[in-house]
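Below is the file upload-v4.cif, which contains mmCIF, C-alpha atoms, pLDDT in the B column; chains and numbers go by the auth columns.
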```
data_run
loop_
_atom_site.group_PDB
_atom_site.id
_atom_site.type_symbol
_atom_site.label_atom_id
_atom_site.label_comp_id
_atom_site.label_asym_id
_atom_site.label_seq_id
_atom_site.Cartn_x
_atom_site.Cartn_y
_atom_site.Cartn_z
_atom_site.B_iso_or_equiv
_atom_site.auth_seq_id
_atom_site.auth_asym_id
ATOM 1 C CA MET A 1 -31.161 25.251 -25.362 48.00 1 A
ATOM 2 C CA ALA A 2 -34.333 25.125 -27.395 48.00 2 A
ATOM 3 C CA ASP A 3 -34.720 24.434 -31.099 50.00 3 A
ATOM 4 C CA ASP A 4 -37.203 26.143 -33.453 53.00 4 A
ATOM 5 C CA MET A 5 -40.068 24.084 -32.005 54.00 5 A
ATOM 6 C CA GLY A 6 -39.274 25.109 -28.442 54.00 6 A
ATOM 7 C CA ALA A 7 -38.171 21.593 -27.420 58.00 7 A
ATOM 8 C CA ALA A 8 -35.015 21.251 -25.412 61.00 8 A
ATOM 9 C CA LYS A 9 -32.007 19.959 -27.294 64.00 9 A
ATOM 10 C CA GLU A 10 -29.532 17.677 -25.689 68.00 10 A
ATOM 11 C CA HIS A 11 -25.908 18.503 -26.359 60.00 11 A
ATOM 12 C CA ARG A 12 -23.255 15.904 -25.757 61.00 12 A
ATOM 13 C CA ILE A 13 -19.658 16.938 -25.645 58.00 13 A
ATOM 14 C CA LEU A 14 -16.912 14.368 -25.588 57.00 14 A
ATOM 15 C CA VAL A 15 -13.631 15.610 -24.247 55.00 15 A
ATOM 16 C CA THR A 16 -10.703 13.290 -24.621 56.00 16 A
ATOM 17 C CA GLY A 17 -7.190 13.507 -23.401 55.00 17 A
ATOM 18 C CA TYR A 18 -4.757 11.833 -21.133 57.00 18 A
ATOM 19 C CA LEU A 19 -3.896 13.006 -17.686 60.00 19 A
ATOM 20 C CA PHE A 20 -0.679 11.042 -17.901 61.00 20 A
ATOM 21 C CA SER A 21 1.046 9.845 -21.016 68.00 21 A
ATOM 22 C CA SER A 22 2.305 6.263 -21.108 72.00 22 A
ATOM 23 C CA ASP A 23 5.897 7.539 -20.777 78.00 23 A
ATOM 24 C CA ILE A 24 5.070 9.360 -17.555 81.00 24 A
ATOM 25 C CA MET A 25 3.200 6.345 -16.186 79.00 25 A
ATOM 26 C CA GLU A 26 6.142 4.065 -16.994 84.00 26 A
ATOM 27 C CA THR A 27 8.541 6.487 -15.305 86.00 27 A
ATOM 28 C CA MET A 28 6.334 6.668 -12.216 85.00 28 A
ATOM 29 C CA GLN A 29 6.083 2.862 -12.101 85.00 29 A
ATOM 30 C CA LYS A 30 9.865 2.495 -12.399 88.00 30 A
ATOM 31 C CA TYR A 31 10.391 5.067 -9.637 89.00 31 A
ATOM 32 C CA SER A 32 7.901 3.228 -7.427 86.00 32 A
ATOM 33 C CA ASN A 33 9.657 -0.090 -8.040 86.00 33 A
ATOM 34 C CA ASP A 34 13.077 1.464 -7.364 89.00 34 A
ATOM 35 C CA ILE A 35 11.869 2.784 -4.006 89.00 35 A
ATOM 36 C CA ALA A 36 10.342 -0.584 -3.139 86.00 36 A
ATOM 37 C CA ASP A 37 13.636 -2.318 -4.009 88.00 37 A
ATOM 38 C CA CYS A 38 15.577 0.058 -1.737 90.00 38 A
ATOM 39 C CA VAL A 39 13.170 -0.500 1.166 88.00 39 A
ATOM 40 C CA ILE A 40 13.334 -4.269 0.735 87.00 40 A
ATOM 41 C CA GLU A 41 17.148 -4.276 0.586 89.00 41 A
ATOM 42 C CA LYS A 42 17.324 -2.184 3.747 89.00 42 A
ATOM 43 C CA ALA A 43 14.900 -4.518 5.552 84.00 43 A
ATOM 44 C CA LYS A 44 16.859 -7.592 4.437 85.00 44 A
ATOM 45 C CA ARG A 45 20.124 -6.014 5.592 87.00 45 A
ATOM 46 C CA MET A 46 18.604 -5.177 8.990 86.00 46 A
ATOM 47 C CA CYS A 47 17.328 -8.752 9.374 83.00 47 A
ATOM 48 C CA ARG A 48 20.756 -10.194 8.494 83.00 48 A
ATOM 49 C CA GLU A 49 22.449 -7.867 10.998 87.00 49 A
ATOM 50 C CA GLN A 50 20.077 -8.781 13.829 85.00 50 A
ATOM 51 C CA PHE A 51 19.427 -12.453 13.107 82.00 51 A
ATOM 52 C CA GLN A 52 21.993 -14.548 11.288 79.00 52 A
ATOM 53 C CA ASP A 53 19.730 -17.590 10.762 80.00 53 A
ATOM 54 C CA VAL A 54 16.567 -15.830 9.578 74.00 54 A
ATOM 55 C CA LYS A 55 15.156 -16.596 6.141 75.00 55 A
ATOM 56 C CA VAL A 56 13.823 -13.509 4.395 75.00 56 A
ATOM 57 C CA ASP A 57 11.355 -13.781 1.517 76.00 57 A
ATOM 58 C CA THR A 58 10.326 -10.645 -0.327 78.00 58 A
ATOM 59 C CA MET A 59 7.747 -9.676 -2.910 77.00 59 A
ATOM 60 C CA ILE A 60 6.418 -6.477 -4.412 75.00 60 A
ATOM 61 C CA GLU A 61 2.721 -6.244 -5.185 78.00 61 A
ATOM 62 C CA HIS A 62 0.458 -3.473 -6.376 75.00 62 A
ATOM 63 C CA GLY A 63 -3.058 -3.009 -5.108 82.00 63 A
ATOM 64 C CA ASP A 64 -4.934 -2.732 -1.847 87.00 64 A
ATOM 65 C CA PRO A 65 -2.552 -3.725 0.963 86.00 65 A
ATOM 66 C CA ARG A 66 -5.429 -4.876 3.179 87.00 66 A
ATOM 67 C CA ASP A 67 -6.415 -7.551 0.694 89.00 67 A
ATOM 68 C CA PHE A 68 -2.825 -8.475 -0.124 90.00 68 A
ATOM 69 C CA PHE A 69 -1.713 -9.026 3.478 90.00 69 A
ATOM 70 C CA CYS A 70 -4.776 -11.116 4.289 92.00 70 A
ATOM 71 C CA GLN A 71 -4.433 -13.231 1.150 92.00 71 A
ATOM 72 C CA ILE A 72 -0.698 -13.825 1.485 91.00 72 A
ATOM 73 C CA ALA A 73 -0.964 -14.675 5.205 91.00 73 A
ATOM 74 C CA GLU A 74 -3.522 -17.341 4.349 93.00 74 A
ATOM 75 C CA LYS A 75 -1.603 -18.601 1.295 92.00 75 A
ATOM 76 C CA LEU A 76 1.666 -18.989 3.211 90.00 76 A
ATOM 77 C CA HIS A 77 -0.038 -20.409 6.342 90.00 77 A
ATOM 78 C CA VAL A 78 1.908 -18.004 8.541 88.00 78 A
ATOM 79 C CA ASP A 79 1.969 -18.536 12.297 89.00 79 A
ATOM 80 C CA MET A 80 1.870 -14.798 12.994 89.00 80 A
ATOM 81 C CA LEU A 81 1.489 -11.602 10.988 89.00 81 A
ATOM 82 C CA VAL A 82 3.738 -8.802 12.263 86.00 82 A
ATOM 83 C CA MET A 83 2.800 -5.302 11.109 85.00 83 A
ATOM 84 C CA GLY A 84 4.212 -1.865 11.757 81.00 84 A
ATOM 85 C CA SER A 85 2.123 1.090 12.838 78.00 85 A
ATOM 86 C CA HIS A 86 2.417 4.512 11.218 72.00 86 A
ATOM 87 C CA GLY A 87 1.003 6.160 14.306 72.00 87 A
ATOM 88 C CA TYR A 88 -1.661 8.097 12.385 73.00 88 A
ATOM 89 C CA GLY A 89 -4.130 10.090 14.403 74.00 89 A
ATOM 90 C CA VAL A 90 -7.851 9.360 14.607 75.00 90 A
ATOM 91 C CA ILE A 91 -8.869 11.709 11.785 77.00 91 A
ATOM 92 C CA LYS A 92 -6.193 10.589 9.322 72.00 92 A
ATOM 93 C CA ARG A 93 -6.927 6.936 10.115 69.00 93 A
ATOM 94 C CA ALA A 94 -10.660 7.555 9.553 69.00 94 A
ATOM 95 C CA PHE A 95 -9.995 8.879 6.048 65.00 95 A
ATOM 96 C CA LEU A 96 -7.252 6.443 5.050 62.00 96 A
ATOM 97 C CA GLY A 97 -8.582 3.400 6.836 69.00 97 A
ATOM 98 C CA SER A 98 -6.440 1.125 8.890 80.00 98 A
ATOM 99 C CA VAL A 99 -4.669 -1.734 7.156 85.00 99 A
ATOM 100 C CA ARG A 100 -3.642 -3.280 10.458 84.00 100 A
ATOM 101 C CA LYS A 101 -7.186 -3.122 11.862 85.00 101 A
ATOM 102 C CA HIS A 102 -8.555 -4.778 8.725 89.00 102 A
ATOM 103 C CA CYS A 103 -5.909 -7.512 8.886 90.00 103 A
ATOM 104 C CA ALA A 104 -6.380 -8.076 12.617 90.00 104 A
ATOM 105 C CA GLN A 105 -10.079 -8.638 12.007 92.00 105 A
ATOM 106 C CA ASN A 106 -9.745 -10.805 8.894 93.00 106 A
ATOM 107 C CA VAL A 107 -6.668 -13.042 9.090 93.00 107 A
ATOM 108 C CA LYS A 108 -6.864 -16.383 10.861 93.00 108 A
ATOM 109 C CA CYS A 109 -3.497 -16.120 12.619 93.00 109 A
ATOM 110 C CA PRO A 110 -2.478 -13.802 15.471 93.00 110 A
ATOM 111 C CA VAL A 111 -1.459 -10.251 14.466 91.00 111 A
ATOM 112 C CA LEU A 112 1.322 -8.368 16.269 89.00 112 A
ATOM 113 C CA ILE A 113 1.333 -4.576 15.823 85.00 113 A
ATOM 114 C CA VAL A 114 4.777 -3.027 16.311 84.00 114 A
ATOM 115 C CA LYS A 115 4.955 0.668 17.100 80.00 115 A
ATOM 116 C CA ARG A 116 8.001 2.840 16.462 75.00 116 A
ATOM 117 C CA PRO A 117 9.741 3.588 19.762 75.00 117 A
ATOM 118 C CA LYS A 118 9.477 7.165 20.908 75.00 118 A
ATOM 119 C CA SER A 119 12.750 9.082 20.976 69.00 119 A
ATOM 120 C CA ALA A 120 14.174 10.545 24.174 51.00 120 A
ATOM 121 C CA SER A 121 12.661 13.922 23.265 50.00 121 A
ATOM 122 C CA GLY A 122 9.191 12.373 23.014 51.00 122 A
ATOM 123 C CA SER A 123 8.776 12.969 19.257 49.00 123 A
ATOM 124 C CA LYS A 124 8.353 10.273 16.626 46.00 124 A
#
```

Can you turn what I pasted into structure tokens?
Amino acid sequence: MADDMGAAKEHRILVTGYLFSSDIMETMQKYSNDIADCVIEKAKRMCREQFQDVKVDTMIEHGDPRDFFCQIAEKLHVDMLVMGSHGYGVIKRAFLGSVRKHCAQNVKCPVLIVKRPKSASGSK
């Protein structure tokens, strides 16, 4: 736009609002924690069923899993980091990145990648 002198005017518009209210964010966080708790309980139960003398430590963290796994492996001085594979294809892995690849390249201990066994029909 130009004013009476022909000079361009700068207009600044401030739009405020919240994409998520604090109530929605709290609900989403609680849901996320509930899911994490269920997954951890299932994993602990599976470990107890398979190995009676195994000690299972659990923790829930938020953030970049690549950084978390590398930091916790170093902090706990683990002998080996065992990670599961989602089996993503090349394109999906290129966009999402690979947590296991990052960890394999950055942790000081050996890394074992465990793939889900294929079913008898050949599907995952």

Quote the spacing between CA of Ile40 in chain A and CA of Phe69 in chain A in Å to one decimal place.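 Atom-to-atom, CA of Ile40 in chain A and CA of Phe69 in chain A are spaced 16.0 Å apart.
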
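Remark: for Val99 in chain A, the closest of the candidate residues A:His86, A:Arg66, A:Lys30, A:Arg116 is A:Arg66 (distances computed over all atoms listed in the file).
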
Please determine, counting only C-alpha atoms, which residue among A:Asp53, A:Ile60, A:Leu81, A:Glu26 has the shortest atom-to-atom distance to Cys38 in chain A.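 For Cys38 in chain A, the nearest of the given residues is A:Ile60.
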
If you count all atoms listed in the file, which residues fall within 12 Å of Val39 in chain A, apart from same-chain ones fewer than 6 positions away, as a PDB file with C-alpha atoms, in the coordinates of the input?
```pdb
ATOM      1  CA  SER A  32       7.901   3.228  -7.427  1.00 86.00           C
ATOM      2  CA  ASN A  33       9.657  -0.090  -8.040  1.00 86.00           C
ATOM      3  CA  ARG A  45      20.124  -6.014   5.592  1.00 87.00           C
ATOM      4  CA  MET A  46      18.604  -5.177   8.990  1.00 86.00           C
ATOM      5  CA  THR A  58      10.326 -10.645  -0.327  1.00 78.00           C
ATOM      6  CA  MET A  59       7.747  -9.676  -2.910  1.00 77.00           C
ATOM      7  CA  ILE A  60       6.418  -6.477  -4.412  1.00 75.00           C
TER       8      ILE A  60
END
```

For the structure shown, which residues end up in the PyMOL selection byres ((chain A and resi 73-79) around 10)? Put them as a PDB file with C-alpha atoms, keeping the file's coordinate frame, please?
```pdb
ATOM      1  CA  PHE A  68      -2.825  -8.475  -0.124  1.00 90.00           C
ATOM      2  CA  PHE A  69      -1.713  -9.026   3.478  1.00 90.00           C
ATOM      3  CA  CYS A  70      -4.776 -11.116   4.289  1.00 92.00           C
ATOM      4  CA  GLN A  71      -4.433 -13.231   1.150  1.00 92.00           C
ATOM      5  CA  ILE A  72      -0.698 -13.825   1.485  1.00 91.00           C
ATOM      6  CA  MET A  80       1.870 -14.798  12.994  1.00 89.00           C
ATOM      7  CA  LEU A  81       1.489 -11.602  10.988  1.00 89.00           C
ATOM      8  CA  VAL A  82       3.738  -8.802  12.263  1.00 86.00           C
ATOM      9  CA  CYS A 103      -5.909  -7.512   8.886  1.00 90.00           C
ATOM     10  CA  VAL A 107      -6.668 -13.042   9.090  1.00 93.00           C
ATOM     11  CA  LYS A 108      -6.864 -16.383  10.861  1.00 93.00           C
ATOM     12  CA  CYS A 109      -3.497 -16.120  12.619  1.00 93.00           C
ATOM     13  CA  PRO A 110      -2.478 -13.802  15.471  1.00 93.00           C
ATOM     14  CA  VAL A 111      -1.459 -10.251  14.466  1.00 91.00           C
TER      15      VAL A 111
END
```

So that all listed atoms of range 103-113 of chain A fit with 6 Å spare on each side, what axis-aligned box centre and edge lengths in Å, to one decimal, would you give as lines of an AutoDock Vina configuration file?
```
center_x = -4.4
center_y = -10.5
center_z = 12.6
size_x = 23.4
size_y = 23.8
size_z = 19.4
```

Could you name the residues that touch Ser98 in chain A at 12 Å or less, counting all atoms listed in the file, but leaving out those on the same chain fewer than 3 positions away, as a list of chain:residue names?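 In the requested form, the answer reads A:Asp64, A:Pro65, A:Arg66, A:Asp67, A:Met83, A:Gly84, A:Ser85, A:His86, A:Gly87, A:Tyr88, A:Gly89, A:Val90, A:Ile91, A:Lys92, A:Arg93, A:Ala94, A:Phe95, A:Lys101, A:His102, A:Cys103, A:Ala104, A:Gln105, A:Ile113.
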
Mind giving me the straight-line distance from CA of Lys44 in chain A to CA of Asp57 in chain A in Å, one decimal?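 According to the coordinates, CA of Lys44 in chain A and CA of Asp57 in chain A are separated by 8.8 Å.
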
Distance in Å - CA of Lys115 in chain A versus CA of Gln29 in chain A: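 Going from CA of Lys115 in chain A over to CA of Gln29 in chain A covers 29.3 Å.
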